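Colleague: The file below is input_6.txt, compact mmCIF, C-alpha atoms and all ligand atoms:
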```txt
# COMPACT_ATOMS: atom_id res chain seq x y z
CA MET A 126 -8.20 -4.03 -20.12
CA LEU A 127 -5.92 -6.70 -18.67
CA LEU A 128 -8.20 -7.80 -15.82
CA ASP A 129 -11.62 -6.82 -17.16
CA GLY A 130 -14.42 -8.94 -15.67
CA LYS A 131 -12.17 -10.52 -13.03
CA ALA A 132 -12.62 -10.45 -9.27
CA VAL A 133 -9.40 -10.36 -7.28
CA VAL A 134 -8.48 -10.52 -3.59
CA VAL A 135 -5.33 -8.71 -2.44
CA THR A 136 -4.32 -9.35 1.18
CA GLY A 137 -2.31 -6.83 3.19
CA ALA A 138 -3.47 -4.13 0.77
CA GLY A 139 -3.82 -1.23 3.21
CA ARG A 140 -0.33 0.06 2.42
CA GLY A 141 2.90 -0.74 0.61
CA LEU A 142 3.05 -3.35 -2.13
CA GLY A 143 -0.46 -4.69 -1.49
CA GLU A 144 -1.99 -1.24 -1.87
CA ALA A 145 -0.19 -0.81 -5.22
CA PHE A 146 -1.31 -4.27 -6.40
CA ALA A 147 -4.94 -3.50 -5.47
CA VAL A 148 -4.99 -0.04 -7.07
CA HIS A 149 -3.33 -1.26 -10.28
CA ALA A 150 -5.63 -4.31 -10.48
CA ALA A 151 -8.65 -2.01 -10.19
CA GLN A 152 -7.22 0.31 -12.85
CA ALA A 153 -6.82 -2.77 -15.05
CA GLY A 154 -10.56 -3.47 -14.72
CA ALA A 155 -10.73 -5.93 -11.81
CA ALA A 156 -13.22 -5.77 -8.96
CA VAL A 157 -11.03 -5.94 -5.86
CA VAL A 158 -11.36 -7.10 -2.27
CA VAL A 159 -8.89 -4.93 -0.40
CA ASN A 160 -7.91 -6.85 2.72
CA ASP A 161 -5.77 -5.65 5.61
CA VAL A 162 -5.83 -6.54 9.29
CA GLU A 163 -5.55 -2.78 9.83
CA ALA A 164 -9.16 -2.27 8.73
CA ASP A 165 -9.00 1.52 8.48
CA LEU A 166 -6.16 1.23 5.96
CA ALA A 167 -8.11 -1.34 3.93
CA GLN A 168 -11.07 1.09 3.93
CA ARG A 169 -8.80 3.91 2.77
CA THR A 170 -7.43 1.93 -0.19
CA ALA A 171 -10.90 0.72 -1.20
CA ALA A 172 -12.35 4.25 -0.96
CA ASN A 173 -9.48 5.57 -3.06
CA ILE A 174 -10.18 2.97 -5.76
CA ARG A 175 -13.91 3.80 -5.76
CA ALA A 176 -13.18 7.53 -5.88
CA HIS A 177 -11.33 6.90 -9.16
CA GLY A 178 -14.23 4.94 -10.64
CA GLY A 179 -13.04 1.43 -9.73
CA ARG A 180 -14.85 -1.38 -7.91
CA ALA A 181 -13.58 -2.32 -4.44
CA VAL A 182 -14.74 -3.52 -1.03
CA ALA A 183 -12.67 -3.56 2.14
CA SER A 184 -12.01 -6.50 4.48
CA GLY A 185 -10.39 -6.11 7.89
CA HIS A 186 -9.91 -9.85 8.45
CA SER A 187 -6.65 -11.46 9.53
CA VAL A 188 -5.25 -14.02 7.10
CA ALA A 189 -3.71 -15.84 10.06
CA GLU A 190 -7.10 -17.15 11.27
CA PRO A 191 -8.58 -19.87 9.02
CA GLU A 192 -12.22 -18.74 9.40
CA GLN A 193 -11.26 -15.13 8.69
CA ALA A 194 -9.16 -16.14 5.68
CA ARG A 195 -12.20 -17.98 4.33
CA ALA A 196 -14.37 -14.91 5.05
CA ILE A 197 -12.11 -12.81 2.78
CA VAL A 198 -12.74 -15.19 -0.12
CA ASP A 199 -16.47 -15.47 0.71
CA LEU A 200 -16.72 -11.67 0.62
CA CYS A 201 -15.26 -11.64 -2.89
CA VAL A 202 -17.75 -14.26 -4.15
CA ALA A 203 -20.69 -12.56 -2.38
CA GLU A 204 -19.84 -9.08 -3.70
CA PHE A 205 -18.55 -9.86 -7.18
CA GLY A 206 -19.95 -13.34 -7.99
CA SER A 207 -16.59 -15.14 -8.23
CA ILE A 208 -12.92 -15.10 -7.31
CA ASP A 209 -10.55 -15.24 -10.26
CA GLY A 210 -7.34 -14.09 -8.61
CA LEU A 211 -5.67 -14.04 -5.21
CA VAL A 212 -2.57 -12.05 -4.33
CA ASN A 213 -1.27 -13.57 -1.11
CA ASN A 214 0.64 -10.43 -0.09
CA ALA A 215 0.04 -9.89 3.66
CA GLY A 216 3.29 -10.35 5.56
CA VAL A 217 5.42 -9.19 8.48
CA ASN A 218 9.15 -9.17 9.14
CA TYR A 219 11.81 -8.25 11.66
CA GLU A 220 15.54 -8.79 12.10
CA ALA A 221 17.09 -10.87 14.89
CA LEU A 222 20.13 -13.02 15.48
CA PRO A 223 19.06 -16.64 16.06
CA TRP A 224 20.20 -16.69 19.69
CA GLN A 225 18.35 -13.45 20.43
CA ASP A 226 15.09 -14.27 18.63
CA ASP A 227 11.79 -14.31 20.53
CA PRO A 228 9.62 -17.46 20.20
CA ALA A 229 6.39 -15.43 20.34
CA GLN A 230 7.58 -13.23 17.49
CA VAL A 231 8.70 -16.25 15.46
CA ARG A 232 5.26 -17.82 15.92
CA GLU A 233 3.43 -14.66 14.92
CA LEU A 234 5.57 -14.31 11.79
CA ILE A 235 4.99 -17.92 10.73
CA GLU A 236 1.26 -17.58 11.42
CA VAL A 237 0.94 -14.61 9.06
CA ASN A 238 3.57 -15.39 6.41
CA VAL A 239 3.06 -19.14 6.09
CA LEU A 240 -0.29 -20.15 7.62
CA GLY A 241 -1.98 -16.99 6.33
CA VAL A 242 -0.88 -17.79 2.77
CA ILE A 243 -1.99 -21.42 3.13
CA TYR A 244 -5.39 -20.61 4.72
CA THR A 245 -6.30 -17.91 2.20
CA GLY A 246 -4.98 -19.99 -0.69
CA MET A 247 -6.96 -23.06 0.41
CA ALA A 248 -10.21 -21.08 0.55
CA ALA A 249 -9.53 -19.41 -2.81
CA ALA A 250 -8.57 -22.71 -4.48
CA GLU A 251 -11.78 -24.33 -3.29
CA ALA A 252 -13.91 -21.48 -4.66
CA MET A 253 -11.96 -21.35 -7.94
CA ALA A 254 -12.16 -25.13 -8.45
CA ASP A 255 -15.91 -25.24 -7.58
CA SER A 256 -16.66 -22.47 -10.09
CA GLY A 257 -15.09 -24.49 -12.89
CA ARG A 258 -13.42 -21.28 -14.16
CA GLY A 259 -10.03 -21.87 -12.54
CA GLY A 260 -7.98 -18.83 -11.59
CA SER A 261 -4.57 -17.47 -10.67
CA ILE A 262 -2.84 -17.38 -7.30
CA VAL A 263 0.14 -15.05 -6.90
CA ASN A 264 2.07 -15.66 -3.70
CA VAL A 265 4.57 -13.13 -2.40
CA SER A 266 7.90 -14.73 -1.51
CA SER A 267 11.22 -12.90 -1.20
CA GLY A 268 14.84 -13.00 -2.29
CA ALA A 269 15.43 -13.57 1.44
CA SER A 270 14.17 -17.14 0.90
CA LEU A 271 17.67 -17.88 -0.46
CA GLY A 272 19.05 -17.12 3.02
CA GLN A 273 19.95 -13.80 4.63
CA ARG A 274 21.69 -12.75 7.81
CA LYS A 275 19.41 -11.87 10.77
CA LEU A 276 16.34 -12.93 8.79
CA GLY A 277 16.17 -16.65 9.65
CA ALA A 278 12.49 -16.87 10.57
CA TYR A 279 11.44 -14.50 7.76
CA ALA A 280 13.62 -16.33 5.20
CA ALA A 281 12.17 -19.67 6.35
CA SER A 282 8.64 -18.32 5.95
CA LYS A 283 9.34 -17.10 2.42
CA GLY A 284 11.10 -20.39 1.56
CA ALA A 285 7.94 -22.12 2.72
CA VAL A 286 5.94 -19.90 0.36
CA ALA A 287 8.23 -20.92 -2.50
CA SER A 288 7.81 -24.65 -1.72
CA LEU A 289 4.06 -24.16 -1.38
CA THR A 290 3.99 -22.49 -4.79
CA TYR A 291 5.73 -25.40 -6.54
CA SER A 292 3.56 -27.97 -4.75
CA TRP A 293 0.26 -26.20 -5.36
CA ALA A 294 1.16 -25.59 -8.99
CA LEU A 295 1.42 -29.39 -9.35
CA ASP A 296 -1.88 -29.99 -7.52
CA MET A 297 -3.92 -27.28 -9.18
CA GLU A 298 -3.01 -27.52 -12.86
CA ASP A 299 -5.78 -30.02 -13.49
CA VAL A 300 -8.43 -27.67 -12.09
CA GLY A 301 -7.16 -24.72 -14.14
CA ILE A 302 -5.52 -22.74 -11.34
CA ARG A 303 -2.07 -21.29 -11.98
CA VAL A 304 0.15 -20.72 -8.93
CA ASN A 305 3.23 -18.50 -9.13
CA ALA A 306 5.20 -16.39 -6.68
CA VAL A 307 6.95 -13.05 -6.92
CA CYS A 308 10.04 -11.86 -5.06
CA PRO A 309 9.65 -8.07 -4.95
CA LEU A 310 11.91 -5.32 -3.75
CA ALA A 311 10.27 -1.97 -3.09
CA HIS A 312 10.56 1.00 -0.81
CA THR A 313 7.90 0.29 1.85
CA ARG A 314 7.55 0.31 5.62
CA MET A 315 9.24 -3.10 5.66
CA VAL A 316 12.35 -1.54 4.11
CA TRP A 317 12.33 1.65 6.19
CA LYS A 318 12.81 -0.48 9.31
CA SER A 319 16.18 -1.91 8.18
CA GLU A 320 19.37 0.00 7.43
CA ARG A 321 20.64 -2.78 5.15
CA SER A 322 17.38 -2.87 3.16
CA LEU A 323 17.40 0.92 2.84
CA ARG A 324 20.89 0.78 1.30
CA ASN A 325 19.68 -1.75 -1.30
CA CYS A 326 16.38 -0.07 -1.98
CA PRO A 327 16.36 3.66 -2.81
CA PRO A 328 13.06 5.57 -2.71
CA ASP A 329 12.60 5.42 -6.48
CA ARG A 330 11.97 1.66 -6.16
CA THR A 331 8.26 2.26 -5.64
CA PRO A 332 5.69 -0.55 -5.12
CA SER A 333 4.01 0.52 -8.36
CA ARG A 334 7.04 -0.75 -10.29
CA ILE A 335 6.26 -4.32 -9.16
CA ALA A 336 2.51 -4.16 -9.91
CA PRO A 337 2.75 -4.87 -13.69
CA LEU A 338 4.38 -8.26 -12.98
CA VAL A 339 1.59 -9.20 -10.57
CA LEU A 340 -1.09 -8.03 -13.02
CA PHE A 341 0.52 -10.07 -15.78
CA LEU A 342 0.47 -13.22 -13.61
CA LEU A 343 -3.18 -12.61 -12.70
CA GLY A 344 -4.19 -12.07 -16.31
CA ASP A 345 -4.94 -14.49 -19.15
CA GLY A 346 -1.71 -13.48 -20.92
CA ALA A 347 0.12 -15.67 -18.38
CA HIS A 348 -1.74 -18.75 -19.65
CA GLY A 349 0.59 -21.78 -19.33
CA ILE A 350 2.83 -20.13 -16.74
CA THR A 351 2.67 -21.86 -13.37
CA GLY A 352 5.04 -23.07 -10.64
CA GLN A 353 7.41 -20.14 -11.21
CA LEU A 354 9.22 -17.82 -8.81
CA ILE A 355 9.88 -14.45 -10.44
CA ARG A 356 11.93 -11.62 -8.98
CA CYS A 357 11.53 -7.94 -9.74
CA ASN A 358 13.47 -5.29 -7.86
CA GLY A 359 12.46 -2.32 -10.00
CA PRO A 360 14.90 -2.37 -12.92
CA GLN A 361 15.65 -6.12 -12.95
CA LEU A 362 13.17 -8.88 -13.81
CA HIS A 363 14.22 -12.54 -13.73
CA ILE A 364 13.20 -16.08 -12.90
CA VAL A 365 14.53 -17.48 -9.62
CA GLY A 366 16.12 -20.92 -10.12
CA GLN A 367 14.61 -23.79 -8.14
CA PRO A 368 16.44 -26.21 -5.84
CA TYR A 369 17.18 -29.56 -7.50
CA LEU A 370 18.76 -32.94 -6.77
CA LYS A 371 22.38 -32.41 -7.65
CA ALA A 372 24.70 -34.92 -9.31
CA PRO A 373 26.84 -36.82 -8.55
CA ILE A 374 24.40 -39.02 -6.64
CA LEU A 375 26.46 -41.67 -4.86
CA GLU A 376 24.86 -45.01 -4.11
CA ARG A 377 25.67 -47.87 -1.77
CA GLN A 378 23.51 -50.25 0.27
CA VAL A 379 24.19 -48.56 3.61
CA TRP A 380 25.85 -45.28 4.49
CA ASP A 381 27.81 -45.44 7.75
CA SER A 382 29.64 -42.45 9.24
CA GLU A 383 32.94 -43.53 7.75
CA SER A 384 31.58 -43.79 4.21
CA VAL A 385 29.79 -40.42 4.59
CA GLN A 386 33.12 -38.88 5.66
CA ARG A 387 34.84 -40.42 2.63
CA ALA A 388 32.09 -39.19 0.32
CA PHE A 389 32.74 -35.64 1.52
CA ASP A 390 36.54 -35.92 1.49
CA GLU A 391 36.78 -37.57 -1.92
CA VAL A 392 33.74 -36.33 -3.87
CA PHE A 393 31.46 -33.69 -2.36
CA SER A 394 34.18 -31.26 -1.29
CA ALA A 395 34.34 -30.16 -4.90
CA HIS A 396 30.55 -29.87 -5.16
CA LEU A 397 29.70 -27.82 -2.08
CA GLU A 398 27.44 -24.88 -2.90
CA PRO A 399 27.97 -21.22 -2.07
CA TYR A 400 25.12 -20.44 0.30
CA GLY A 401 22.71 -17.61 1.05
CA LEU A 402 21.70 -14.72 -1.16
CA GLU A 403 25.26 -13.41 -0.74
CA LYS A 404 26.67 -16.72 -2.14
CA ARG A 405 29.13 -17.33 0.69
CA VAL A 406 31.74 -19.95 -0.12
CA PRO A 407 31.88 -22.78 2.49
CA PRO A 408 35.04 -22.59 4.66
CA ARG A 409 36.44 -25.83 3.23
CA LEU A 410 36.62 -24.29 -0.24
CA ARG A 411 37.86 -20.85 0.70
CA LYS A 412 41.53 -21.70 0.32
CA TRP A 413 40.79 -22.15 -3.39
CA THR A 414 38.67 -19.07 -3.85
CA ASP A 415 40.14 -16.41 -1.53
CA ALA A 416 42.65 -14.06 -3.14
CA PRO A 417 46.23 -15.01 -2.10
CA SER A 418 47.65 -12.66 0.57
CA THR A 419 50.72 -11.90 -1.61
CA PRO A 420 49.63 -11.44 -5.20
CA LEU A 421 51.43 -13.71 -7.64
CA ARG A 422 53.74 -11.76 -9.93
CA SER A 423 54.12 -12.70 -13.53
CA ALA A 424 57.71 -13.51 -14.42
N1 LIG A 501 9.17 -4.39 0.56
C1 LIG A 501 10.01 -5.27 0.05
O1 LIG A 501 11.07 -4.92 -0.50
C2 LIG A 501 9.68 -6.74 0.08
C3 LIG A 501 10.67 -7.63 -0.35
C4 LIG A 501 10.36 -8.99 -0.39
C5 LIG A 501 9.09 -9.43 0.00
N2 LIG A 501 8.17 -8.52 0.44
C6 LIG A 501 6.84 -9.03 0.83
O2 LIG A 501 5.84 -8.24 0.23
C7 LIG A 501 4.66 -8.26 1.03
C8 LIG A 501 4.20 -6.82 1.30
O3 LIG A 501 5.21 -6.17 2.04
P1 LIG A 501 5.35 -4.59 2.18
O4 LIG A 501 6.77 -4.28 1.96
O5 LIG A 501 4.31 -3.91 1.37
O6 LIG A 501 5.07 -4.45 3.75
P2 LIG A 501 4.10 -3.47 4.59
O7 LIG A 501 4.44 -3.70 6.00
O8 LIG A 501 4.18 -2.09 4.03
O9 LIG A 501 2.63 -4.05 4.27
C9 LIG A 501 2.19 -5.30 4.73
C10 LIG A 501 0.70 -5.18 5.07
O10 LIG A 501 0.24 -6.49 5.50
C11 LIG A 501 -0.70 -6.27 6.54
N3 LIG A 501 -0.86 -7.46 7.38
C12 LIG A 501 0.01 -7.91 8.33
N4 LIG A 501 -0.52 -8.98 8.94
C13 LIG A 501 -1.72 -9.22 8.36
C14 LIG A 501 -2.74 -10.20 8.59
N5 LIG A 501 -2.61 -11.13 9.54
N6 LIG A 501 -3.85 -10.17 7.80
C15 LIG A 501 -4.00 -9.21 6.85
N7 LIG A 501 -3.07 -8.25 6.63
C16 LIG A 501 -1.95 -8.26 7.37
C17 LIG A 501 -0.13 -5.09 7.32
O11 LIG A 501 -1.12 -4.47 8.14
C18 LIG A 501 0.42 -4.19 6.21
O12 LIG A 501 -0.52 -3.21 5.82
C19 LIG A 501 5.04 -9.03 2.29
O13 LIG A 501 4.62 -10.38 2.17
C20 LIG A 501 6.56 -8.95 2.30
O14 LIG A 501 7.14 -10.01 3.03
C21 LIG A 501 8.44 -7.19 0.51
```
Let's see the structure in the file written out as structure tokens.
Ligand SMILES: NC(=O)c1ccc[n+]([C@@H]2O[C@H](COP(=O)([O-])OP(=O)(O)OC[C@H]3O[C@@H](n4cnc5c(N)ncnc54)[C@H](O)[C@@H]3O)[C@@H](O)[C@H]2O)c1
Modeller:
Amino acid sequence: MLLDGKAVVVTGAGRGLGEAFAVHAAQAGAAVVVNDVEADLAQRTAANIRAHGGRAVASGHSVAEPEQARAIVDLCVAEFGSIDGLVNNAGVNYEALPWQDDPAQVRELIEVNVLGVIYTGMAAAEAMADSGRGGSIVNVSSGASLGQRKLGAYAASKGAVASLTYSWALDMEDVGIRVNAVCPLAHTRMVWKSERSLRNCPPDRTPSRIAPLVLFLLGDGAHGITGQLIRCNGPQLHIVGQPYLKAPILERQVWDSESVQRAFDEVFSAHLEPYGLEKRVPPRLRKWTDAPSTPLRSA
């Protein structure tokens, strides 16, 4: 089996995607720490796995507290002798316009979605490096990291997860730890809360459809694959391109405001990027891209 002999932590695994990742990992032979801050849900998932002959223990820790994040990893090593995989799945979201957002809610979201991923990942990386066996970290980012309306704080948190993934992949290659991220789309509580998400995500897009990708990244078949962001929305599976330093790169000793203005007027205007997941064309370019109000007739 794909994950035979491996011990894996899945955070936020009391429901939704995390529950599917934990159940599928156990079915693939892994011993699983099922974590969720809603401890009763973590217990339910773990009991379900055990009832079907799998190995699982529950953890009700919060990933957002560094000592608790470490305790999740310690539990895995204490129960199963090692940690070979971490699925950094726990996350929260909400929609708000920037001028109506609530600082307390922003902070809570960043604490779970960014700090939680960093704290749990740090603890797992330390244990994996110390064991000398290496391992695999699968972070959960989102297509929203490309920019989406009313999701500024959430998009920023998932963009942070993407940057973390590339950086950690660089740091951890030498100690045998692969670090990748997935951008899922699945019908879960997170989607039920938003009309727009519901339109894009019918009920047949179940969390189980994303689990095979996560299992693959956890398993030895993904040897040599690190630093990647991979999106699966049910039917579609693809790599997400990474930001890069775009040519032309202009150079002069000092850039003053006048030369910056000229750079935009004379060069960059033609290189501006459509932005956000919806690929919105910047206003300066729209006169070239918008359909003319009176269609041109052929002679
Ligand atoms: N559902 C989607 O289409 C979608 C799309 C892109 C990304 N994601 C990401 O996938 C992950 C799972 O989302 P989901 O859709 O299953 O959501 P969900 O709300 O159904 O499940 C998230 C789980 O995380 C748990 N959690 C929250 N804070 C926690 C904490 N501090 N410590 C431990 N557990 C905590 C919650 O209790 C919940 O059970 C999230 O990171 C989400 O951002 C989901």
Colleague: Hey, which residues sit close to ligand LIG 501 (chain A)? Say within 7 Å, counting all atoms listed in the file, and write them as an MDAnalysis selection string.
Modeller: chainID A and resid 136:143 160:163 186:189 214:218 237:238 241 265:268 308:316
Colleague: Please report the interatomic distance between CA of Ala147 (chain A) and CA of Pro327 (chain A) in Å with one decimal.
Modeller: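 Atom-to-atom, CA of Ala147 (chain A) to CA of Pro327 (chain A), that is 22.6 Å.
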Colleague: So which residues touch Pro191 (chain A) within 12 Å, counting all atoms listed in the file, skipping near sequence neighbours fewer than 5 positions away, as a PyMOL selection string?
Modeller: chain A and resi 186+196-198+236-237+240-249
Colleague: Have a look at CA of Leu166 (chain A) and CA of Val133 (chain A) and let me know their distance in Å, one decimal.
Modeller: 17.9 Å
Colleague: A:Pro368, A:Gly185, A:Gly206, A:Gly284: which is nearest Met253 (chain A), counting only C-alpha atoms?
Modeller: A:Gly206
Colleague: Find the residues around Ile208 (chain A) up to 10 Å (only C-alpha atoms counted), leave out those fewer than 2 positions away in its own chain, and share them as JSON, numbers by chain.
Modeller: {"A": [131, 132, 133, 134, 156, 157, 158, 198, 199, 200, 201, 202, 203, 204, 205, 206, 210, 211, 249, 250, 252, 253, 256, 258, 259, 260, 261]}
Colleague: Given the selection you just returned, output its residues as a file containing C-alpha atoms, formatted as a compact mmCIF listing (two decimals), keeping the file's coordinate frame.
Modeller:
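Saved result, part22.txt, follows:
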```txt
# COMPACT_ATOMS: atom_id res chain seq x y z
CA LYS A 131 -12.17 -10.52 -13.03
CA ALA A 132 -12.62 -10.45 -9.27
CA VAL A 133 -9.40 -10.36 -7.28
CA VAL A 134 -8.48 -10.52 -3.59
CA ALA A 156 -13.22 -5.77 -8.96
CA VAL A 157 -11.03 -5.94 -5.86
CA VAL A 158 -11.36 -7.10 -2.27
CA VAL A 198 -12.74 -15.19 -0.12
CA ASP A 199 -16.47 -15.47 0.71
CA LEU A 200 -16.72 -11.67 0.62
CA CYS A 201 -15.26 -11.64 -2.89
CA VAL A 202 -17.75 -14.26 -4.15
CA ALA A 203 -20.69 -12.56 -2.38
CA GLU A 204 -19.84 -9.08 -3.70
CA PHE A 205 -18.55 -9.86 -7.18
CA GLY A 206 -19.95 -13.34 -7.99
CA GLY A 210 -7.34 -14.09 -8.61
CA LEU A 211 -5.67 -14.04 -5.21
CA ALA A 249 -9.53 -19.41 -2.81
CA ALA A 250 -8.57 -22.71 -4.48
CA ALA A 252 -13.91 -21.48 -4.66
CA MET A 253 -11.96 -21.35 -7.94
CA SER A 256 -16.66 -22.47 -10.09
CA ARG A 258 -13.42 -21.28 -14.16
CA GLY A 259 -10.03 -21.87 -12.54
CA GLY A 260 -7.98 -18.83 -11.59
CA SER A 261 -4.57 -17.47 -10.67
```
Colleague: What's around Gly130 (chain A) at 10 Å? Count all atoms listed in the file, leave out sequence neighbours fewer than 3 positions away in its own chain, and write the answer as an mmCIF file with C-alpha atoms, in the frame of the given file.
Modeller:
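Produced file result34.cif, reproduced below:
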```cif
data_model
loop_
_atom_site.group_PDB
_atom_site.id
_atom_site.type_symbol
_atom_site.label_atom_id
_atom_site.label_comp_id
_atom_site.auth_asym_id
_atom_site.auth_seq_id
_atom_site.Cartn_x
_atom_site.Cartn_y
_atom_site.Cartn_z
ATOM 1 C CA MET A 126 -8.200 -4.030 -20.120
ATOM 2 C CA LEU A 127 -5.920 -6.700 -18.670
ATOM 3 C CA VAL A 133 -9.400 -10.360 -7.280
ATOM 4 C CA ALA A 153 -6.820 -2.770 -15.050
ATOM 5 C CA GLY A 154 -10.560 -3.470 -14.720
ATOM 6 C CA ALA A 155 -10.730 -5.930 -11.810
ATOM 7 C CA ALA A 156 -13.220 -5.770 -8.960
ATOM 8 C CA PHE A 205 -18.550 -9.860 -7.180
ATOM 9 C CA SER A 207 -16.590 -15.140 -8.230
ATOM 10 C CA ASP A 209 -10.550 -15.240 -10.260
#
```
Colleague: Excluding region 400-407 of chain A and residues on its chain fewer than 2 positions from it, collect all residues at most 12 Å away from it, counting all atoms listed in the file, and give them as a VMD selection string.
Modeller: chain A and resid 267 to 277 280 to 281 284 365 393 to 398 409 to 415
Colleague: Which residues are near Ile374 (chain A)? Cut-off 12 Å, all atoms listed in the file, ignore same chain within fewer than 2 positions. Put them as a ChimeraX atom specification.
Modeller: /A:369-372,376-377,388,392-393,396
Colleague: Provide the CA of Val212 (chain A) to CA of Ala306 (chain A) distance in Å, to one decimal place.
Modeller: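 A separation of 9.2 Å between them.
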Colleague: Output region 394-410 of chain A as a CSV table (one decimal), keeping the file's coordinate frame, making sure N, CA and C atoms are there.
Modeller:
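Final output, saved to part-v4.csv:
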```csv
chain,number,residue,atom,x,y,z
A,394,SER,N,33.4,-32.5,-1.6
A,394,SER,CA,34.2,-31.3,-1.3
A,394,SER,C,34.2,-30.3,-2.5
A,395,ALA,N,34.3,-31.0,-3.7
A,395,ALA,CA,34.3,-30.2,-4.9
A,395,ALA,C,33.0,-29.7,-5.4
A,396,HIS,N,31.9,-30.2,-4.7
A,396,HIS,CA,30.6,-29.9,-5.2
A,396,HIS,C,29.8,-29.0,-4.2
A,397,LEU,N,30.4,-28.6,-3.1
A,397,LEU,CA,29.7,-27.8,-2.1
A,397,LEU,C,29.2,-26.5,-2.7
A,398,GLU,N,28.1,-26.0,-2.3
A,398,GLU,CA,27.4,-24.9,-2.9
A,398,GLU,C,27.7,-23.6,-2.1
A,399,PRO,N,28.0,-22.5,-2.8
A,399,PRO,CA,28.0,-21.2,-2.1
A,399,PRO,C,26.6,-21.0,-1.5
A,400,TYR,N,26.4,-20.5,-0.3
A,400,TYR,CA,25.1,-20.4,0.3
A,400,TYR,C,24.7,-19.0,0.6
A,401,GLY,N,23.3,-18.9,0.7
A,401,GLY,CA,22.7,-17.6,1.0
A,401,GLY,C,22.6,-16.7,-0.2
A,402,LEU,N,21.8,-15.7,-0.1
A,402,LEU,CA,21.7,-14.7,-1.2
A,402,LEU,C,23.1,-14.1,-1.5
A,403,GLU,N,23.9,-14.0,-0.5
A,403,GLU,CA,25.3,-13.4,-0.7
A,403,GLU,C,26.3,-14.4,-1.4
A,404,LYS,N,25.8,-15.7,-1.5
A,404,LYS,CA,26.7,-16.7,-2.1
A,404,LYS,C,28.0,-16.9,-1.4
A,405,ARG,N,27.9,-17.2,-0.1
A,405,ARG,CA,29.1,-17.3,0.7
A,405,ARG,C,29.8,-18.7,0.4
A,406,VAL,N,31.0,-18.7,0.2
A,406,VAL,CA,31.7,-20.0,-0.1
A,406,VAL,C,32.0,-20.7,1.2
A,407,PRO,N,31.7,-22.0,1.2
A,407,PRO,CA,31.9,-22.8,2.5
A,407,PRO,C,33.4,-22.8,2.9
A,408,PRO,N,33.7,-22.7,4.2
A,408,PRO,CA,35.0,-22.6,4.7
A,408,PRO,C,36.0,-23.6,4.0
A,409,ARG,N,35.5,-24.8,3.8
A,409,ARG,CA,36.4,-25.8,3.2
A,409,ARG,C,37.0,-25.5,1.8
A,410,LEU,N,36.2,-24.6,1.1
A,410,LEU,CA,36.6,-24.3,-0.2
A,410,LEU,C,37.4,-23.0,-0.3
```
